[in-house]
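Structure below is model.csv: CSV, C-alpha atoms and all ligand atoms.
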chain,number,residue,atom,x,y,z
H,275,GLY,CA,0.5,33.9,-18.9
H,276,HIS,CA,-0.2,36.0,-15.8
H,277,LEU,CA,-3.7,36.3,-14.5
H,278,GLN,CA,-3.2,40.1,-14.6
H,279,SER,CA,-2.8,40.1,-18.4
H,280,GLN,CA,-5.6,37.6,-18.9
H,281,ARG,CA,-7.9,39.9,-17.0
H,282,GLY,CA,-6.9,42.9,-18.9
H,283,GLY,CA,-4.9,44.4,-16.1
H,284,ILE,CA,-7.2,47.2,-15.2
H,285,GLY,CA,-6.6,48.3,-11.7
H,286,LEU,CA,-5.8,44.9,-10.5
H,287,ARG,CA,-2.4,45.5,-9.1
H,288,GLY,CA,-2.6,46.9,-5.6
H,289,PRO,CA,-0.1,49.6,-4.5
H,290,GLY,CA,3.3,48.2,-3.9
H,291,GLU,CA,2.3,44.7,-5.0
H,292,THR,CA,4.6,42.7,-7.2
H,293,ARG,CA,3.1,40.8,-10.1
H,294,LEU,CA,3.5,37.6,-8.2
H,295,GLU,CA,1.7,39.0,-5.2
H,296,THR,CA,-1.1,40.1,-7.4
H,297,ASP,CA,-1.4,36.7,-9.0
H,298,ARG,CA,-1.5,35.0,-5.5
H,299,ARG,CA,-4.2,37.4,-4.3
H,300,LEU,CA,-6.3,36.7,-7.4
H,301,ILE,CA,-5.9,33.0,-7.1
H,302,ARG,CA,-6.9,33.2,-3.4
H,303,GLN,CA,-10.0,35.1,-4.4
H,304,LYS,CA,-10.8,32.6,-7.0
H,305,ILE,CA,-10.4,29.7,-4.5
H,306,THR,CA,-12.7,31.5,-2.1
H,307,ARG,CA,-15.3,32.1,-4.8
H,308,LEU,CA,-15.2,28.4,-5.8
H,309,ARG,CA,-15.5,27.3,-2.2
H,310,GLN,CA,-18.5,29.5,-1.7
H,311,GLN,CA,-20.1,28.1,-4.9
H,312,LEU,CA,-19.4,24.6,-3.8
H,313,GLN,CA,-20.9,25.3,-0.4
H,314,GLN,CA,-23.9,26.8,-2.2
H,315,VAL,CA,-24.4,23.7,-4.3
H,316,ARG,CA,-24.1,21.5,-1.2
H,317,ARG,CA,-26.7,23.5,0.6
H,318,GLN,CA,-29.1,23.3,-2.4
H,319,ARG,CA,-28.7,19.6,-2.7
H,320,ALA,CA,-29.4,19.1,1.0
H,321,THR,CA,-32.5,21.3,0.7
H,322,GLN,CA,-33.8,19.5,-2.3
H,323,ARG,CA,-33.3,16.2,-0.6
H,324,LYS,CA,-34.9,17.4,2.6
H,325,SER,CA,-38.0,18.7,0.7
H,326,ARG,CA,-38.3,15.4,-1.1
H,327,TYR,CA,-38.1,13.4,2.1
H,328,GLN,CA,-39.9,15.7,4.5
H,329,GLY,CA,-43.0,15.7,2.4
H,330,THR,CA,-46.0,13.7,3.2
H,331,LEU,CA,-44.6,10.4,2.2
H,332,PRO,CA,-42.8,8.3,4.8
H,333,ALA,CA,-39.4,7.3,3.5
H,334,PHE,CA,-38.3,3.6,3.9
H,335,ALA,CA,-34.8,2.6,3.2
H,336,LEU,CA,-33.6,-1.0,2.6
H,337,VAL,CA,-30.4,-1.6,4.4
H,338,GLY,CA,-28.5,-4.8,5.2
H,339,TYR,CA,-25.4,-6.8,4.7
H,340,THR,CA,-24.3,-7.5,1.1
H,341,ASN,CA,-26.1,-10.4,-0.7
H,342,VAL,CA,-29.1,-10.7,1.7
H,343,GLY,CA,-31.6,-9.9,-1.0
H,344,LYS,CA,-32.3,-6.1,-0.7
H,345,SER,CA,-32.4,-5.5,-4.5
H,346,SER,CA,-34.5,-8.6,-5.1
H,347,LEU,CA,-37.0,-7.4,-2.5
H,348,PHE,CA,-37.0,-3.9,-4.0
H,349,ASN,CA,-37.7,-5.3,-7.4
H,350,ARG,CA,-40.3,-7.7,-6.2
H,351,LEU,CA,-42.2,-5.0,-4.3
H,352,THR,CA,-42.0,-2.4,-7.0
H,353,LYS,CA,-42.5,-4.8,-10.0
H,354,ALA,CA,-45.6,-6.2,-8.5
H,355,GLN,CA,-46.9,-2.6,-8.4
H,356,VAL,CA,-45.8,-1.9,-12.0
H,357,MET,CA,-47.7,-5.0,-13.2
H,358,ALA,CA,-50.8,-4.1,-11.2
H,359,GLU,CA,-50.9,-0.5,-12.3
H,360,ASP,CA,-48.2,1.1,-14.3
H,361,GLN,CA,-49.3,4.7,-13.5
H,362,LEU,CA,-49.2,4.2,-9.8
H,363,PHE,CA,-45.6,5.1,-9.4
H,364,ALA,CA,-43.2,7.7,-10.3
H,365,THR,CA,-39.5,7.0,-10.5
H,366,LEU,CA,-37.8,9.6,-8.4
H,367,ASP,CA,-34.3,8.4,-8.9
H,368,ASN,CA,-32.5,5.3,-9.9
H,369,THR,CA,-33.1,3.6,-6.7
H,370,VAL,CA,-36.0,5.4,-5.1
H,371,ARG,CA,-39.6,4.6,-6.0
H,372,ARG,CA,-43.0,5.5,-4.7
H,373,LEU,CA,-44.7,2.4,-3.5
H,374,TYR,CA,-48.5,2.1,-2.9
H,375,LEU,CA,-49.1,-0.3,0.0
H,376,ASN,CA,-52.9,0.2,0.0
H,377,ASP,CA,-55.5,2.8,-0.8
H,378,GLN,CA,-54.4,5.1,2.0
H,379,THR,CA,-50.7,4.5,2.2
H,380,SER,CA,-47.9,5.1,-0.2
H,381,VAL,CA,-44.3,5.4,0.8
H,382,LEU,CA,-40.9,6.0,-0.7
H,383,LEU,CA,-38.8,3.0,-1.0
H,384,SER,CA,-35.0,3.2,-1.6
H,385,ASP,CA,-32.5,0.5,-2.3
H,386,THR,CA,-29.0,1.0,-1.0
H,387,VAL,CA,-25.5,-0.5,-1.3
H,388,GLY,CA,-24.8,-3.5,0.7
H,389,PHE,CA,-22.9,-3.2,3.9
H,390,ILE,CA,-19.9,-5.2,4.7
H,391,ARG,CA,-18.0,-6.0,7.9
H,392,ASP,CA,-15.1,-3.8,9.0
H,393,LEU,CA,-15.8,-1.2,6.4
H,394,PRO,CA,-12.8,1.1,6.8
H,395,HIS,CA,-13.6,4.5,8.1
H,396,GLY,CA,-12.5,6.2,4.9
H,397,LEU,CA,-14.8,4.0,2.9
H,398,VAL,CA,-17.7,5.0,5.0
H,399,ALA,CA,-16.9,8.6,4.1
H,400,ALA,CA,-16.7,7.6,0.4
H,401,PHE,CA,-20.2,6.0,0.6
H,402,ALA,CA,-21.5,8.9,2.6
H,403,ALA,CA,-23.3,10.5,-0.3
H,404,THR,CA,-25.3,7.3,-0.9
H,405,LEU,CA,-25.8,6.7,2.8
H,406,GLU,CA,-27.0,10.3,3.3
H,407,GLU,CA,-30.3,9.1,2.0
H,408,THR,CA,-30.4,6.3,4.5
H,409,ALA,CA,-29.8,8.6,7.3
H,410,LEU,CA,-32.8,10.7,6.2
H,411,ALA,CA,-35.2,7.7,6.1
H,412,ASP,CA,-38.2,7.4,8.5
H,413,VAL,CA,-38.0,3.7,8.7
H,414,LEU,CA,-35.1,1.3,8.0
H,415,LEU,CA,-36.0,-2.1,6.5
H,416,HIS,CA,-33.0,-4.1,7.7
H,417,VAL,CA,-32.9,-7.2,5.5
H,418,VAL,CA,-31.1,-10.3,6.9
H,419,ASP,CA,-30.2,-13.6,5.3
H,420,ILE,CA,-31.4,-15.8,8.1
H,421,THR,CA,-29.8,-18.8,6.4
H,422,HIS,CA,-26.3,-17.3,6.6
H,423,PRO,CA,-24.3,-19.0,9.4
H,424,GLU,CA,-23.0,-15.6,10.5
H,425,PHE,CA,-26.3,-13.6,10.2
H,426,GLU,CA,-26.1,-12.3,13.7
H,427,ARG,CA,-22.6,-10.8,13.2
H,428,GLN,CA,-23.8,-9.3,9.9
H,429,ILE,CA,-26.7,-7.6,11.8
H,430,ASP,CA,-24.1,-6.1,14.2
H,431,ALA,CA,-21.9,-5.0,11.4
H,432,VAL,CA,-24.8,-3.2,9.7
H,433,ASN,CA,-25.8,-1.5,13.0
H,434,THR,CA,-22.2,-0.3,13.4
H,435,VAL,CA,-22.3,1.4,10.0
H,436,LEU,CA,-25.7,2.8,10.9
H,437,GLN,CA,-24.1,4.4,14.0
H,438,GLU,CA,-21.4,5.9,11.9
H,439,ILE,CA,-23.9,7.7,9.7
H,440,ASP,CA,-26.1,8.7,12.7
H,441,ALA,CA,-28.9,6.5,11.7
H,442,GLU,CA,-29.0,4.2,14.7
H,443,ASN,CA,-32.1,5.8,16.2
H,444,ILE,CA,-34.3,5.4,13.1
H,445,PRO,CA,-37.0,2.8,13.7
H,446,GLN,CA,-36.0,-0.6,12.2
H,447,LEU,CA,-38.0,-3.5,10.9
H,448,ILE,CA,-35.9,-6.6,10.6
H,449,ILE,CA,-36.8,-8.7,7.6
H,450,TYR,CA,-35.6,-12.2,7.9
H,451,ASN,CA,-35.3,-13.3,4.2
H,452,LYS,CA,-34.7,-16.6,2.4
H,453,ILE,CA,-36.9,-18.7,4.6
H,454,ASP,CA,-37.5,-20.9,1.6
H,455,LYS,CA,-34.1,-22.4,2.3
H,456,LEU,CA,-35.1,-23.5,5.8
H,457,SER,CA,-36.6,-26.9,6.5
H,458,ALA,CA,-40.3,-27.0,7.5
H,459,GLU,CA,-39.5,-27.3,11.2
H,460,GLN,CA,-37.0,-24.5,11.1
H,461,ARG,CA,-39.3,-22.1,9.3
H,462,MET,CA,-40.8,-19.2,11.1
H,463,GLN,CA,-43.5,-16.9,9.9
H,464,GLY,CA,-45.6,-13.9,10.8
H,465,ILE,CA,-44.9,-10.5,12.4
H,466,VAL,CA,-42.9,-10.4,15.6
H,467,ARG,CA,-44.0,-7.5,17.8
H,468,ASP,CA,-42.5,-5.7,20.8
H,469,ILE,CA,-44.3,-5.3,24.1
H,470,HIS,CA,-46.1,-2.2,22.7
H,471,GLY,CA,-47.4,-4.2,19.8
H,472,ARG,CA,-45.1,-2.5,17.3
H,473,PRO,CA,-43.7,-4.6,14.4
H,474,GLN,CA,-40.2,-5.6,15.1
H,475,ALA,CA,-39.5,-8.4,12.5
H,476,VAL,CA,-41.1,-10.4,9.7
H,477,TYR,CA,-40.1,-13.6,8.0
H,478,ILE,CA,-40.2,-13.7,4.3
H,479,SER,CA,-38.9,-15.3,1.1
H,480,VAL,CA,-38.5,-13.0,-1.8
H,481,GLN,CA,-38.0,-16.1,-3.9
H,482,ASP,CA,-41.3,-17.8,-3.2
H,483,GLY,CA,-43.2,-14.7,-2.0
H,484,SER,CA,-44.1,-16.0,1.4
H,485,GLY,CA,-44.5,-13.4,4.1
H,486,LEU,CA,-44.8,-10.5,1.7
H,487,ASP,CA,-48.3,-9.7,2.9
H,488,ASP,CA,-47.1,-9.6,6.5
H,489,LEU,CA,-44.3,-7.3,5.4
H,490,ARG,CA,-46.8,-4.9,3.7
H,491,THR,CA,-49.0,-5.0,6.8
H,492,ALA,CA,-46.0,-4.1,9.0
H,493,MET,CA,-44.9,-1.4,6.6
H,494,ILE,CA,-48.3,0.2,6.7
H,495,GLU,CA,-48.3,0.2,10.5
H,496,MET,CA,-44.9,1.7,10.6
H,497,ALA,CA,-45.7,4.3,8.0
H,498,GLY,CA,-48.6,5.4,10.3
H,499,MET,CA,-46.3,5.6,13.3
H,500,LYS,CA,-44.4,8.4,11.6
H,501,TYR,CA,-47.3,10.7,12.1
H,502,ALA,CA,-48.4,9.3,15.5
H,503,LYS,CA,-45.0,10.4,16.9
H,504,HIS,CA,-45.8,14.1,16.4
T,601,LIG,N1,-33.1,-18.7,-1.8
T,601,LIG,C1,-33.3,-17.4,-1.9
T,601,LIG,N2,-32.5,-16.6,-2.5
T,601,LIG,C2,-32.7,-15.3,-2.5
T,601,LIG,C3,-33.9,-14.7,-1.9
T,601,LIG,N3,-33.8,-13.4,-2.1
T,601,LIG,C4,-32.7,-13.1,-2.7
T,601,LIG,N4,-32.0,-14.3,-3.0
T,601,LIG,C5,-30.7,-14.4,-3.8
T,601,LIG,O1,-29.7,-13.8,-3.0
T,601,LIG,C6,-28.7,-13.2,-3.9
T,601,LIG,C7,-28.5,-11.7,-3.6
T,601,LIG,O2,-29.6,-11.0,-3.9
T,601,LIG,P1,-29.6,-9.4,-4.1
T,601,LIG,O3,-31.0,-8.9,-4.1
T,601,LIG,O4,-28.7,-9.0,-5.1
T,601,LIG,O5,-28.9,-9.0,-2.7
T,601,LIG,P2,-28.5,-7.5,-2.2
T,601,LIG,O6,-28.8,-7.5,-0.7
T,601,LIG,O7,-29.2,-6.5,-3.0
T,601,LIG,O8,-27.0,-7.6,-2.4
T,601,LIG,P3,-26.0,-6.3,-2.5
T,601,LIG,O9,-26.6,-5.3,-3.5
T,601,LIG,O10,-24.7,-6.9,-3.0
T,601,LIG,O11,-25.8,-5.7,-1.2
T,601,LIG,C8,-29.3,-13.4,-5.3
T,601,LIG,O12,-28.7,-14.5,-5.8
T,601,LIG,C9,-30.8,-13.7,-5.1
T,601,LIG,O13,-31.3,-14.4,-6.1
T,601,LIG,C10,-34.8,-15.6,-1.3
T,601,LIG,O14,-35.8,-15.3,-0.7
T,601,LIG,N5,-34.5,-17.0,-1.3
T,602,MG,MG,-28.4,-4.9,-4.1
Written form, structure tokens:
Amino acid sequence: GHLQSQRGGIGLRGPGETRLETDRRLIRQKITRLRQQLQQVRRQRATQRKSRYQGTLPAFALVGYTNVGKSSLFNRLTKAQVMAEDQLFATLDNTVRRLYLNDQTSVLLSDTVGFIRDLPHGLVAAFAATLEETALADVLLHVVDITHPEFERQIDAVNTVLQEIDAENIPQLIIYNKIDKLSAEQRMQGIVRDIHGRPQAVYISVQDGSGLDDLRTAMIEMAGMKYAKH
């Protein structure tokens, strides 16, 4: 049926308008209203996200090529906390958790989808909603599988995606993971620092737990840097 009859037809038809013209006008109005509502929802979501992230807690996001061990690390860091003190964290979302690093420092930690090389532009857009969280992080934990023969190309690929989502200027800590697979003489350890003494990279194994204390130390320092900046 026509919109006019559905709406009861009271004063809907403008002077000289055909029924078809009236319907078109009503549909256009409806589309405009829906667009405005959609815009409103988007704005609300952005505001909610901002207030969550621009609170007092520094937000850390795990990023990295697929299969490097991001989720394993996420689980290891958060599960250790759950076992130590179940009340200590609140689940904020499927993949965002509050993580207590020491008495003074707690942060938000989020897991993200793995990046892949040559991600088509359209796909980046499709992932955009997930990656929006990444772009809002204060610190990126860039996990790397140091035993992968192409780990350097994978780092570049991840950084390319980060550029596409305007996240290339967020401070990064490189986490070289899976050092348990390296031979004793290949194995590195400790925190690598830049000339200002800021943490740049750490060597860890999620599997055997080595380097996780160094990682926490580096994270605590970087969480503090957020406030030092201002
Ligand atoms: N040897 C070894 N294997 C590891 C380590 N950390 C993770 N893995 C393995 O690496 C594989 C991938 O781990 P995930 O945690 O799923 O990797 P991810 O980065 O979350 O992968 P996506 O979600 O696909 O991007 C799993 O088989 C893990 O068991 C590690 O420290 N040493
Ligand atoms: Mg994962």
Shell around Leu447 of chain H at 6 Å using all atoms listed in the file, local window under 3 positions removed, as a list in words: Leu415, His416, Gln474 and Ala475 of chain H
Give me, as a PyMOL selection string, the set of residues whose atoms come within 10 Å of any atom of ligand MG 602 (chain T), counting all atoms listed in the file. chain H and resi 336-349+385-389
Straight-line distance linking atom CA of Val381 of chain H with atom CA of Thr408 of chain H, stated in Å to one decimal: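 Computing the Euclidean distance for atom CA of Val381 of chain H and atom CA of Thr408 of chain H yields 14.4 Å.
Residue nearest Pro473 of chain H within the list H:Ile453, H:Ala458, H:Ile448, H:Leu382: H:Ile448 [criterion: smallest interatomic distance, all atoms listed in the file].
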Residue with smallest distance to ligand LIG 601 (chain T) - pool H:Ile494, H:Thr369, H:Gln310, H:Gln378, counting all atoms listed in the file: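 Between H:Ile494, H:Thr369, H:Gln310, H:Gln378, the residue approaching ligand LIG 601 (chain T) most closely is H:Thr369.
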Select, from H:Arg293, H:His422, H:Arg472, H:Arg299, the residue with the minimum atom-to-atom distance to ligand LIG 601 (chain T), counting all atoms listed in the file. H:His422
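Atom CA of Asn443 of chain H is positioned 26.1 Å from atom CA of Asp487 of chain H.
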Close residues, Ile420 of chain H itself excluded, 10 Å, only C-alpha atoms, min 4 positions apart in chain, as a PyMOL selection string: chain H and resi 342+424-426+449-453+455-456+477-478
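Closest to ligand LIG 601 (chain T) among H:Leu410, H:Leu312, H:Leu300, H:Val480 is H:Val480, based on only C-alpha atoms and all ligand atoms.
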Of the residues H:Val417, H:Met462, H:Leu383, H:Ala409, which is the one nearest to Ser484 of chain H, using all atoms listed in the file? H:Met462
Which residue, H:Leu375, H:Ala411, H:Val432, H:Leu308, has the smallest gap to ligand LIG 601 (chain T) when you use all atoms listed in the file?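 Closest candidate: H:Val432.
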What does the distance from atom CA of Arg467 of chain H to atom C6 of ligand LIG 601 (chain T) come to in Å, to one decimal? 27.2 Å
Sel. within 9 Å of pt (-31.1, 3.9, 12.5), counting all atoms listed in the file, output as a PyMOL selection string: chain H and resi 408-409+411-414+433+436-437+439-446
